[in-house]
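J.: Take this structure, written in structure tokens, and hold onto it; I'll ask about it next.
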Amino acid sequence: MIIKRNVISAILFLLISAASSFLSFNAFADRLLHDKAQHSSNVWERIRNGFALALPPSPNNKAVRKIALNYIQNPQAFNSIVANGERYLFYIMEEVERRGMPMEIALLPIIESAYDPLIKSNSQTAGLWQFIPETGRILGLEQNVWHDDRRDIVASTQAALDYLQYLYQRFDNWKLALAAYNLGEGAVGKILAKHMHKGRAVNFYDVNLPVEVKHYVYKILAVKDIVANAKKYGIQLRSIPNRPYFDTVKIHEHIDIPLVTRLANISEIEFTALNPAYNRYVIKVNNEPRTLLIPREKKEIFVRNLETYHDPRVSWQFYRVKKGEKISEIATRHETTVKQLQTINGIARNKNLTLGQKILVPQIVAGNQITRSSWKKQMQRNQSVVYVVKKGDTLYEIAKRYRTTVDQIKHWNNSDENLSIGQKLVMLRG
């Protein structure tokens with residue numbers, strides 16, 4: 001008995017050791033794969049390594065090849081779509097990879113929106129992932145006059161990947177999950193139920209899905225085939241660096257969008273591309289902070305400037321409508337126009353105001369109204385921003401841009417005329 005017990009103990013020890021070694025090996029292998037991904041030269045290499053959906057067997061592969069041919073014959077149009085996605089693709093790829101999903105999912109916005117979060121649609125869909133209002137609300141994407149989170153890059157991506165994972169868990173097949181994303185979960189469920197009731201196969205290629213739905217999935221497979229075999233098809237994909245394009249910053253107070261762009265030293269075009277959810281001139285913050293996306297190299301500048309900025313962050317204030325007040329009366333009292341109040345508050349042209357309704361009006365500071373034009377002048381007074389020197393910059397050009405002098409910049413920064421790329425210069429106004 002003792003011998004047997006010792007033998008059993010030895011066997012258990014060996015099994016545990018082997019299991020530990022196996023787990024260690026798996027952890028080591030996972031780490032190697034992660035390190036390899038991190039050291040890939042560009043995003044496309046990582047995306048190709050994550051492809052998991054097989055191309056269809058004949059005769060369905062003819063449909064995929066036909067779709068792919070449309071892209072292949074117009075490589076400039078395809079690369080134009082890729083260019084739209086350069087700001088977003090790394091983030092989406094990382095999220096897909098983190099969740100262990102097929103990397104084809106990262107290419108889905110090519111089909112849905114051509115990677116344009118502001119694309120207009122007759123079907124009321126919006127954003128990179130093209131959610132209809134109802135689906136957006138179900139997935140927790142807030143939609144109001146101030147912002148539409150269906151267009152928010154981070155929020156909509158998280159919602160889309162959550163939803164696709166849910167669809168995969170329900171249908172146990174990624175192609176069926178993609179079909180359900182396009183057609184609707186209920187519609188695909190009914191079709192599968194009919195097939196199962198009749199004892200038929202429920203494989204994606206055998207299920208009697210609408211032609212346009214199968215075409216949708218074939219489109220995804222066609223794009224995957226092009227990315228996987230770009231050289232074969234004579235397409236030179238625009239290189240996308242394997243690093244984050246943007247970073248996040250939490251905003252806890254209302255703030256004007258032009259002030260954000262100024263403090264971050266970015267253009268309004270860049271702000272809108274990264275933060276397309278905002279519908280108005282002001283970012284409104286309620287109970288929860290809002291998350292802004294800022295180019296990664298500009299985050300430190302923005303955070304520093306925001307912390308040291310002590311002037312009003314909004315040029316508008318909230319006003320509660322009194323009984324019988326008309327919008328024209330409010331506009332006159334606050335030295336603005338009816339059209340401007342309607343635009344910033346999302347008020348329809350012929351819609352009357354209601355008692356207690358909260359609207360934005362030009363802010364009153366020290367007894368003076370800050371109109372949109374005077375706000376810009378005030379913003380230029382008594383504030384500092386940080387400018388990061390770029391390749392080719394000269395003190396003369398920077399001074400001209402900020403309407404100051406070379407000597408003044410040297411005085412503010414206690415420096416000489418020699419500049420280095422990445423050097424930070426404090427610029428004062430007024």
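Chain labels run A, B, ... following the order of the structure tokens; each chain numbers its residues from 1, and ligands are numbered from 1 in the order shown.
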Could you pull out the helix (DSSP H, G or I) residues of stretch 78-288 of chain A, going by DSSP on the backbone, and write them as JSON, numbers by chain?

T.: {"A": [78, 79, 80, 81, 82, 83, 84, 89, 90, 91, 92, 93, 94, 95, 96, 97, 98, 103, 104, 105, 106, 107, 108, 109, 110, 111, 112, 133, 134, 135, 136, 137, 138, 153, 154, 155, 156, 157, 158, 159, 160, 161, 162, 163, 164, 165, 166, 167, 168, 169, 170, 171, 174, 175, 176, 177, 178, 179, 180, 181, 182, 183, 185, 186, 187, 188, 189, 190, 191, 192, 193, 194, 195, 196, 197, 211, 212, 213, 214, 215, 216, 217, 218, 219, 220, 221, 222, 223, 224, 225, 226, 227, 228, 257, 258, 259, 260, 261, 262, 263, 264, 268, 269, 270, 271, 272, 273, 274]}

J.: Per residue of stretch 111-223 of chain A within 7 Å of stretch 276-298 of chain A, record the nearest atom pair and its distance in Å to one decimal, counting only C-alpha atoms, with rows in chain order and ascending residue number, as JSON lines.

T.:
{"residue": "A:Pro117", "atom": "CA", "partner": "A:Pro276", "partner_atom": "CA", "distance": 6.7}
{"residue": "A:Leu118", "atom": "CA", "partner": "A:Pro276", "partner_atom": "CA", "distance": 6.7}
{"residue": "A:Val145", "atom": "CA", "partner": "A:Asn279", "partner_atom": "CA", "distance": 6.5}
{"residue": "A:Trp146", "atom": "CA", "partner": "A:Asn279", "partner_atom": "CA", "distance": 5.2}
{"residue": "A:His147", "atom": "CA", "partner": "A:Tyr278", "partner_atom": "CA", "distance": 4.4}
{"residue": "A:Asp148", "atom": "CA", "partner": "A:Ala277", "partner_atom": "CA", "distance": 4.9}
{"residue": "A:Asp149", "atom": "CA", "partner": "A:Ala277", "partner_atom": "CA", "distance": 5.5}
{"residue": "A:Arg151", "atom": "CA", "partner": "A:Ala277", "partner_atom": "CA", "distance": 4.7}
{"residue": "A:Asp152", "atom": "CA", "partner": "A:Ala277", "partner_atom": "CA", "distance": 4.8}

J.: Generate the output file for the selected residues, all heavy atoms, as a compact mmCIF listing (two decimals), in the first residue's frame.

T.:
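Saved as out00.txt:
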# COMPACT_ATOMS: atom_id res chain seq x y z
N PRO A 117 -16.77 58.16 -40.14
CA PRO A 117 -17.76 58.18 -39.07
C PRO A 117 -18.86 59.21 -39.27
O PRO A 117 -19.88 59.17 -38.59
CB PRO A 117 -16.92 58.51 -37.82
CG PRO A 117 -15.72 59.23 -38.35
CD PRO A 117 -15.45 58.64 -39.69
N LEU A 118 -18.67 60.14 -40.22
CA LEU A 118 -19.67 61.17 -40.48
C LEU A 118 -20.46 60.91 -41.75
O LEU A 118 -21.19 61.78 -42.22
CB LEU A 118 -18.99 62.54 -40.56
CG LEU A 118 -18.40 63.07 -39.26
CD1 LEU A 118 -17.56 64.32 -39.52
CD2 LEU A 118 -19.49 63.38 -38.24
N VAL A 145 -29.28 65.98 -28.59
CA VAL A 145 -28.90 67.12 -29.43
C VAL A 145 -27.43 67.47 -29.27
O VAL A 145 -26.84 68.13 -30.13
CB VAL A 145 -29.76 68.37 -29.13
CG1 VAL A 145 -31.21 68.11 -29.47
CG2 VAL A 145 -29.61 68.81 -27.68
N TRP A 146 -26.80 67.05 -28.17
CA TRP A 146 -25.41 67.41 -27.89
C TRP A 146 -24.43 66.44 -28.52
O TRP A 146 -23.39 66.86 -29.05
CB TRP A 146 -25.17 67.46 -26.38
CG TRP A 146 -26.09 68.43 -25.72
CD1 TRP A 146 -27.20 68.16 -24.99
CD2 TRP A 146 -25.99 69.85 -25.77
NE1 TRP A 146 -27.81 69.30 -24.58
CE2 TRP A 146 -27.08 70.37 -25.04
CE3 TRP A 146 -25.09 70.74 -26.36
CZ2 TRP A 146 -27.30 71.74 -24.87
CZ3 TRP A 146 -25.30 72.10 -26.20
CH2 TRP A 146 -26.39 72.58 -25.46
N HIS A 147 -24.72 65.17 -28.44
CA HIS A 147 -23.80 64.19 -29.01
C HIS A 147 -24.56 62.92 -29.41
O HIS A 147 -25.62 62.62 -28.86
CB HIS A 147 -22.66 63.84 -28.04
CG HIS A 147 -23.13 63.34 -26.72
ND1 HIS A 147 -23.22 64.13 -25.60
CD2 HIS A 147 -23.55 62.11 -26.33
CE1 HIS A 147 -23.68 63.44 -24.59
NE2 HIS A 147 -23.88 62.20 -24.99
N ASP A 148 -23.97 62.20 -30.35
CA ASP A 148 -24.52 60.93 -30.82
C ASP A 148 -23.40 59.91 -30.70
O ASP A 148 -22.47 59.88 -31.51
CB ASP A 148 -24.98 61.06 -32.27
CG ASP A 148 -25.69 59.80 -32.78
OD1 ASP A 148 -25.51 58.73 -32.14
OD2 ASP A 148 -26.39 59.88 -33.79
N ASP A 149 -23.49 59.07 -29.66
CA ASP A 149 -22.40 58.13 -29.40
C ASP A 149 -22.30 57.01 -30.43
O ASP A 149 -21.35 56.23 -30.39
CB ASP A 149 -22.56 57.53 -27.99
CG ASP A 149 -22.10 58.51 -26.91
OD1 ASP A 149 -21.40 59.48 -27.27
OD2 ASP A 149 -22.45 58.33 -25.74
N ARG A 151 -21.57 57.71 -33.27
CA ARG A 151 -20.43 58.22 -34.03
C ARG A 151 -19.16 58.30 -33.19
O ARG A 151 -18.09 58.63 -33.72
CB ARG A 151 -20.76 59.61 -34.61
CG ARG A 151 -21.88 59.61 -35.64
CD ARG A 151 -21.83 60.88 -36.48
NE ARG A 151 -21.92 62.08 -35.66
CZ ARG A 151 -23.03 62.73 -35.39
NH1 ARG A 151 -24.19 62.29 -35.87
NH2 ARG A 151 -23.01 63.82 -34.63
N ASP A 152 -19.26 58.06 -31.88
CA ASP A 152 -18.09 58.09 -31.02
C ASP A 152 -17.20 56.89 -31.36
O ASP A 152 -17.65 55.74 -31.36
CB ASP A 152 -18.53 58.03 -29.55
CG ASP A 152 -17.36 58.18 -28.60
OD1 ASP A 152 -16.62 57.19 -28.44
OD2 ASP A 152 -17.20 59.26 -28.00

J.: Report the residues of stretch 116-216 of chain A whose backbone DSSP state falls under strand (DSSP E or B), written as a list in words.

T.: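 Listing strand (DSSP E or B) positions across stretch 116-216 of chain A yields Ala126, Phe131, Gln143, His147 and Asp148 of chain A.
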
J.: Only N, CA and C atoms, please: the residues just picked out, written as an mmCIF file, in the first residue's frame.

T.:
data_model
loop_
_atom_site.group_PDB
_atom_site.id
_atom_site.type_symbol
_atom_site.label_atom_id
_atom_site.label_comp_id
_atom_site.auth_asym_id
_atom_site.auth_seq_id
_atom_site.Cartn_x
_atom_site.Cartn_y
_atom_site.Cartn_z
ATOM 1 N N ALA A 126 -25.620 55.464 -38.421
ATOM 2 C CA ALA A 126 -24.577 56.470 -38.170
ATOM 3 C C ALA A 126 -23.317 55.809 -37.644
ATOM 4 N N PHE A 131 -24.849 51.977 -36.854
ATOM 5 C CA PHE A 131 -25.964 51.558 -36.004
ATOM 6 C C PHE A 131 -27.201 52.397 -36.313
ATOM 7 N N GLN A 143 -27.885 59.192 -27.473
ATOM 8 C CA GLN A 143 -28.145 60.033 -28.643
ATOM 9 C C GLN A 143 -29.025 61.202 -28.220
ATOM 10 N N HIS A 147 -24.716 65.172 -28.436
ATOM 11 C CA HIS A 147 -23.801 64.189 -29.011
ATOM 12 C C HIS A 147 -24.556 62.917 -29.407
ATOM 13 N N ASP A 148 -23.975 62.202 -30.349
ATOM 14 C CA ASP A 148 -24.517 60.927 -30.817
ATOM 15 C C ASP A 148 -23.400 59.906 -30.696
#

J.: If I take atom CA of A:Met101 and atom CA of A:Trp44, how far is one from the other in Å, to one decimal?

T.: 16.1 Å

J.: Of the candidates A:Val202, A:Glu417, A:Ala273, A:Ile72, which one gets nearest to A:Lys232 if we count only C-alpha atoms?

T.: A:Ile72

J.: Can you build me a table of stretch 69-104 of chain A residues sitting at most 12 Å from stretch 163-183 of chain A, with the closest atom pair per residue and its distance in Å to one decimal, using only C-alpha atoms, sorted by chain and residue number, as JSON lines?

T.:
{"residue": "A:Val96", "atom": "CA", "partner": "A:Gln165", "partner_atom": "CA", "distance": 10.3}
{"residue": "A:Arg99", "atom": "CA", "partner": "A:Gln165", "partner_atom": "CA", "distance": 8.9}
{"residue": "A:Gly100", "atom": "CA", "partner": "A:Gln165", "partner_atom": "CA", "distance": 9.9}
{"residue": "A:Met101", "atom": "CA", "partner": "A:Gln165", "partner_atom": "CA", "distance": 8.0}
{"residue": "A:Pro102", "atom": "CA", "partner": "A:Trp174", "partner_atom": "CA", "distance": 8.3}
{"residue": "A:Met103", "atom": "CA", "partner": "A:Trp174", "partner_atom": "CA", "distance": 11.3}
{"residue": "A:Glu104", "atom": "CA", "partner": "A:Trp174", "partner_atom": "CA", "distance": 10.0}

J.: Selection from above, all heavy atoms, as an mmCIF file, in the first residue's frame, can you write it?

T.:
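Wrote part_4.cif, looks like this:
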data_model
loop_
_atom_site.group_PDB
_atom_site.id
_atom_site.type_symbol
_atom_site.label_atom_id
_atom_site.label_comp_id
_atom_site.auth_asym_id
_atom_site.auth_seq_id
_atom_site.Cartn_x
_atom_site.Cartn_y
_atom_site.Cartn_z
ATOM 1 N N VAL A 96 -9.962 44.084 -31.280
ATOM 2 C CA VAL A 96 -10.338 42.789 -31.860
ATOM 3 C C VAL A 96 -9.361 41.714 -31.402
ATOM 4 O O VAL A 96 -9.754 40.607 -31.008
ATOM 5 C CB VAL A 96 -10.367 42.883 -33.406
ATOM 6 C CG1 VAL A 96 -10.480 41.489 -34.033
ATOM 7 C CG2 VAL A 96 -11.525 43.767 -33.855
ATOM 8 N N ARG A 99 -9.783 40.705 -27.709
ATOM 9 C CA ARG A 99 -10.957 39.878 -27.459
ATOM 10 C C ARG A 99 -10.849 38.496 -28.104
ATOM 11 O O ARG A 99 -11.743 37.659 -27.922
ATOM 12 C CB ARG A 99 -12.208 40.585 -28.000
ATOM 13 C CG ARG A 99 -12.576 41.863 -27.256
ATOM 14 C CD ARG A 99 -13.620 42.625 -28.049
ATOM 15 N NE ARG A 99 -14.031 43.875 -27.407
ATOM 16 C CZ ARG A 99 -15.257 44.092 -26.901
ATOM 17 N NH1 ARG A 99 -16.171 43.126 -26.952
ATOM 18 N NH2 ARG A 99 -15.562 45.249 -26.363
ATOM 19 N N GLY A 100 -9.798 38.260 -28.871
ATOM 20 C CA GLY A 100 -9.643 36.968 -29.537
ATOM 21 C C GLY A 100 -10.624 36.754 -30.671
ATOM 22 O O GLY A 100 -10.995 35.619 -30.980
ATOM 23 N N MET A 101 -11.032 37.815 -31.319
ATOM 24 C CA MET A 101 -11.985 37.729 -32.426
ATOM 25 C C MET A 101 -11.230 37.630 -33.754
ATOM 26 O O MET A 101 -10.068 38.032 -33.838
ATOM 27 C CB MET A 101 -12.889 38.966 -32.436
ATOM 28 C CG MET A 101 -13.688 39.163 -31.153
ATOM 29 S SD MET A 101 -14.510 40.784 -31.067
ATOM 30 C CE MET A 101 -15.871 40.541 -32.218
ATOM 31 N N PRO A 102 -11.876 37.119 -34.805
ATOM 32 C CA PRO A 102 -11.222 37.084 -36.121
ATOM 33 C C PRO A 102 -10.874 38.494 -36.574
ATOM 34 O O PRO A 102 -11.679 39.418 -36.427
ATOM 35 C CB PRO A 102 -12.286 36.462 -37.035
ATOM 36 C CG PRO A 102 -13.214 35.744 -36.129
ATOM 37 C CD PRO A 102 -13.225 36.514 -34.846
ATOM 38 N N MET A 103 -9.697 38.666 -37.133
ATOM 39 C CA MET A 103 -9.243 39.998 -37.505
ATOM 40 C C MET A 103 -10.024 40.568 -38.682
ATOM 41 O O MET A 103 -9.973 41.782 -38.944
ATOM 42 C CB MET A 103 -7.745 39.966 -37.818
ATOM 43 C CG MET A 103 -7.088 41.337 -37.789
ATOM 44 S SD MET A 103 -7.367 42.268 -36.246
ATOM 45 C CE MET A 103 -6.260 41.417 -35.134
ATOM 46 N N GLU A 104 -10.792 39.736 -39.368
ATOM 47 C CA GLU A 104 -11.672 40.251 -40.418
ATOM 48 C C GLU A 104 -12.632 41.297 -39.874
ATOM 49 O O GLU A 104 -13.064 42.204 -40.599
ATOM 50 C CB GLU A 104 -12.477 39.107 -41.049
ATOM 51 C CG GLU A 104 -11.677 38.203 -41.968
ATOM 52 C CD GLU A 104 -10.958 37.074 -41.242
ATOM 53 O OE1 GLU A 104 -10.885 37.114 -39.991
ATOM 54 O OE2 GLU A 104 -10.470 36.155 -41.920
#

J.: Identify, on the basis of only C-alpha atoms, every residue whose closest approach to A:Lys190 does not exceed 12 Å; exclude the query and any residue fewer than 4 positions from it along the same chain; express the result as a list in words.

T.: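 Final neighbour list, sorted by chain and number: Phe171, Ala180, Leu183, Gly184, Glu185, Gly186, Lys194, His195, Met196, His197, Val202, Val207, Asn208 and Leu209 of chain A.
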
J.: Using the selection just defined, write its residues with C-alpha atoms as a compact mmCIF listing (two decimals), in the first residue's frame.

T.:
# COMPACT_ATOMS: atom_id res chain seq x y z
CA PHE A 171 -25.18 31.36 -33.58
CA ALA A 180 -27.14 38.76 -38.26
CA LEU A 183 -29.94 41.57 -41.40
CA GLY A 184 -30.87 41.50 -37.74
CA GLU A 185 -30.59 38.90 -35.02
CA GLY A 186 -34.28 38.01 -35.05
CA LYS A 194 -37.10 26.91 -40.05
CA HIS A 195 -34.08 25.00 -41.36
CA MET A 196 -33.65 23.12 -38.09
CA HIS A 197 -37.38 22.31 -37.97
CA VAL A 202 -27.54 25.35 -40.72
CA VAL A 207 -28.93 28.46 -45.09
CA ASN A 208 -31.50 30.24 -47.23
CA LEU A 209 -30.41 33.78 -46.36

J.: Choose the residue, out of A:Asn79, A:Thr125, A:Asn203, A:Asn242, that has the smallest atom-to-atom separation from A:Ser41; count only C-alpha atoms.

T.: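 That would be A:Asn242, the residue with the smallest distance to A:Ser41.
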
J.: Residues at most 10 Å from A:Val227, counting only C-alpha atoms, excluding those fewer than 4 positions away in the same chain, as a ChimeraX atom specification?

T.: /A:44-45,47-48,51,104,107,221-223,231-233,235-237

J.: Could you turn the residues from that selection into a file that holds all heavy atoms, as a CSV table (one decimal), in the first residue's frame?

T.:
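selection.csv written:
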chain,number,residue,atom,x,y,z
A,44,TRP,N,-0.9,46.3,-41.0
A,44,TRP,CA,-1.4,45.2,-41.9
A,44,TRP,C,-0.8,43.9,-41.6
A,44,TRP,O,-1.4,42.8,-41.8
A,44,TRP,CB,-1.0,45.6,-43.4
A,44,TRP,CG,-1.8,46.9,-43.8
A,44,TRP,CD1,-1.2,48.1,-44.2
A,44,TRP,CD2,-3.2,47.1,-43.9
A,44,TRP,NE1,-2.2,49.0,-44.5
A,44,TRP,CE2,-3.4,48.4,-44.3
A,44,TRP,CE3,-4.3,46.2,-43.6
A,44,TRP,CZ2,-4.7,48.9,-44.5
A,44,TRP,CZ3,-5.6,46.7,-43.8
A,44,TRP,CH2,-5.8,48.0,-44.2
A,45,GLU,N,0.5,43.8,-41.2
A,45,GLU,CA,1.1,42.6,-40.8
A,45,GLU,C,0.4,41.9,-39.7
A,45,GLU,O,0.1,40.7,-39.7
A,45,GLU,CB,2.6,42.8,-40.4
A,45,GLU,CG,3.4,41.6,-40.2
A,45,GLU,CD,4.8,41.9,-39.9
A,45,GLU,OE1,5.3,43.0,-40.1
A,45,GLU,OE2,5.5,41.0,-39.3
A,47,ILE,N,-2.8,42.4,-38.8
A,47,ILE,CA,-4.1,42.1,-39.3
A,47,ILE,C,-4.1,40.8,-40.0
A,47,ILE,O,-4.9,39.9,-39.8
A,47,ILE,CB,-4.7,43.2,-40.1
A,47,ILE,CG1,-5.1,44.4,-39.2
A,47,ILE,CG2,-5.9,42.7,-40.9
A,47,ILE,CD1,-5.7,45.6,-39.9
A,48,ARG,N,-3.1,40.6,-40.9
A,48,ARG,CA,-3.0,39.4,-41.7
A,48,ARG,C,-2.8,38.2,-40.8
A,48,ARG,O,-3.4,37.1,-41.0
A,48,ARG,CB,-1.9,39.5,-42.7
A,48,ARG,CG,-2.1,40.5,-43.8
A,48,ARG,CD,-1.0,40.4,-44.9
A,48,ARG,NE,-1.1,41.5,-45.9
A,48,ARG,CZ,-0.4,42.6,-45.9
A,48,ARG,NH1,0.6,42.7,-44.9
A,48,ARG,NH2,-0.5,43.5,-46.8
A,51,PHE,N,-6.2,36.8,-39.3
A,51,PHE,CA,-7.3,36.3,-40.1
A,51,PHE,C,-7.7,34.9,-39.8
A,51,PHE,O,-6.8,34.1,-39.5
A,51,PHE,CB,-7.0,36.4,-41.6
A,51,PHE,CG,-7.0,37.8,-42.2
A,51,PHE,CD1,-6.2,38.1,-43.3
A,51,PHE,CD2,-7.9,38.7,-41.7
A,51,PHE,CE1,-6.2,39.4,-43.9
A,51,PHE,CE2,-7.9,40.0,-42.3
A,51,PHE,CZ,-7.1,40.3,-43.3
A,104,GLU,N,-10.8,39.7,-39.4
A,104,GLU,CA,-11.7,40.3,-40.4
A,104,GLU,C,-12.6,41.3,-39.9
A,104,GLU,O,-13.1,42.2,-40.6
A,104,GLU,CB,-12.5,39.1,-41.0
A,104,GLU,CG,-11.7,38.2,-42.0
A,104,GLU,CD,-11.0,37.1,-41.2
A,104,GLU,OE1,-10.9,37.1,-40.0
A,104,GLU,OE2,-10.5,36.2,-41.9
A,107,LEU,N,-11.9,44.9,-40.4
A,107,LEU,CA,-12.2,45.4,-41.7
A,107,LEU,C,-13.6,45.7,-42.0
A,107,LEU,O,-14.0,46.3,-43.0
A,107,LEU,CB,-11.6,44.5,-42.7
A,107,LEU,CG,-10.2,44.1,-42.6
A,107,LEU,CD1,-9.8,43.0,-43.7
A,107,LEU,CD2,-9.2,45.3,-42.7
A,221,LEU,N,-15.3,39.0,-46.9
A,221,LEU,CA,-14.3,38.0,-47.3
A,221,LEU,C,-13.4,38.5,-48.5
A,221,LEU,O,-12.2,38.2,-48.6
A,221,LEU,CB,-15.0,36.7,-47.7
A,221,LEU,CG,-15.7,36.0,-46.5
A,221,LEU,CD1,-16.5,34.8,-47.0
A,221,LEU,CD2,-14.8,35.6,-45.4
A,222,ALA,N,-14.1,39.2,-49.4
A,222,ALA,CA,-13.3,39.8,-50.5
A,222,ALA,C,-12.3,40.8,-50.1
A,222,ALA,O,-11.1,40.8,-50.5
A,222,ALA,CB,-14.3,40.4,-51.5
A,223,VAL,N,-12.6,41.7,-49.1
A,223,VAL,CA,-11.7,42.6,-48.6
A,223,VAL,C,-10.6,41.9,-47.9
A,223,VAL,O,-9.4,42.3,-48.0
A,223,VAL,CB,-12.4,43.6,-47.7
A,223,VAL,CG1,-11.4,44.5,-46.9
A,223,VAL,CG2,-13.4,44.5,-48.4
A,231,LYS,N,-0.1,42.0,-52.7
A,231,LYS,CA,1.0,41.9,-53.8
A,231,LYS,C,0.5,41.1,-55.0
A,231,LYS,O,0.7,41.5,-56.1
A,231,LYS,CB,2.3,41.3,-53.2
A,231,LYS,CG,3.0,42.2,-52.2
A,231,LYS,CD,4.3,41.5,-51.8
A,231,LYS,CE,5.0,42.4,-50.8
A,231,LYS,NZ,6.3,41.8,-50.3
A,232,LYS,N,-0.2,40.0,-54.7
A,232,LYS,CA,-0.7,39.2,-55.8
A,232,LYS,C,-1.6,40.0,-56.7
A,232,LYS,O,-1.6,39.8,-57.9
A,232,LYS,CB,-1.4,38.0,-55.2
A,232,LYS,CG,-2.2,37.2,-56.2
A,232,LYS,CD,-3.0,36.1,-55.5
A,232,LYS,CE,-4.0,35.4,-56.4
A,232,LYS,NZ,-4.8,34.4,-55.6
A,233,TYR,N,-2.4,40.9,-56.1
A,233,TYR,CA,-3.4,41.7,-56.9
A,233,TYR,C,-2.9,43.0,-57.3
A,233,TYR,O,-3.6,43.8,-57.9
A,233,TYR,CB,-4.7,41.9,-56.0
A,233,TYR,CG,-5.4,40.6,-55.7
A,233,TYR,CD1,-5.7,40.2,-54.4
A,233,TYR,CD2,-5.9,39.7,-56.7
A,233,TYR,CE1,-6.4,39.0,-54.1
A,233,TYR,CE2,-6.5,38.6,-56.5
A,233,TYR,CZ,-6.8,38.2,-55.2
A,233,TYR,OH,-7.5,37.1,-54.9
A,235,ILE,N,-1.9,45.6,-55.5
A,235,ILE,CA,-2.3,46.7,-54.7
A,235,ILE,C,-1.3,47.0,-53.6
A,235,ILE,O,-0.9,46.1,-52.9
A,235,ILE,CB,-3.7,46.4,-54.0
A,235,ILE,CG1,-4.8,46.4,-55.1
A,235,ILE,CG2,-4.0,47.4,-53.0
A,235,ILE,CD1,-6.2,46.1,-54.5
A,236,GLN,N,-0.8,48.2,-53.6
A,236,GLN,CA,0.1,48.6,-52.6
A,236,GLN,C,-0.6,49.4,-51.5
A,236,GLN,O,-1.0,50.5,-51.6
A,236,GLN,CB,1.2,49.5,-53.2
A,236,GLN,CG,2.3,49.9,-52.2
A,236,GLN,CD,3.5,50.6,-52.9
A,236,GLN,OE1,3.5,50.8,-54.1
A,236,GLN,NE2,4.4,51.1,-52.1
A,237,LEU,N,-0.9,48.7,-50.4
A,237,LEU,CA,-1.6,49.2,-49.3
A,237,LEU,C,-0.9,50.4,-48.6
A,237,LEU,O,0.4,50.2,-48.4
A,237,LEU,CB,-2.0,48.2,-48.3
A,237,LEU,CG,-3.0,47.1,-48.7
A,237,LEU,CD1,-3.1,46.0,-47.6
A,237,LEU,CD2,-4.4,47.7,-48.9

J.: Check the smallest atom-to-atom distance from each of A:Thr157, A:Lys390, A:Arg137, A:Tyr205 to A:Ser58 using only C-alpha atoms, then report the winner.

T.: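 The answer is A:Tyr205, which sits nearest to A:Ser58.
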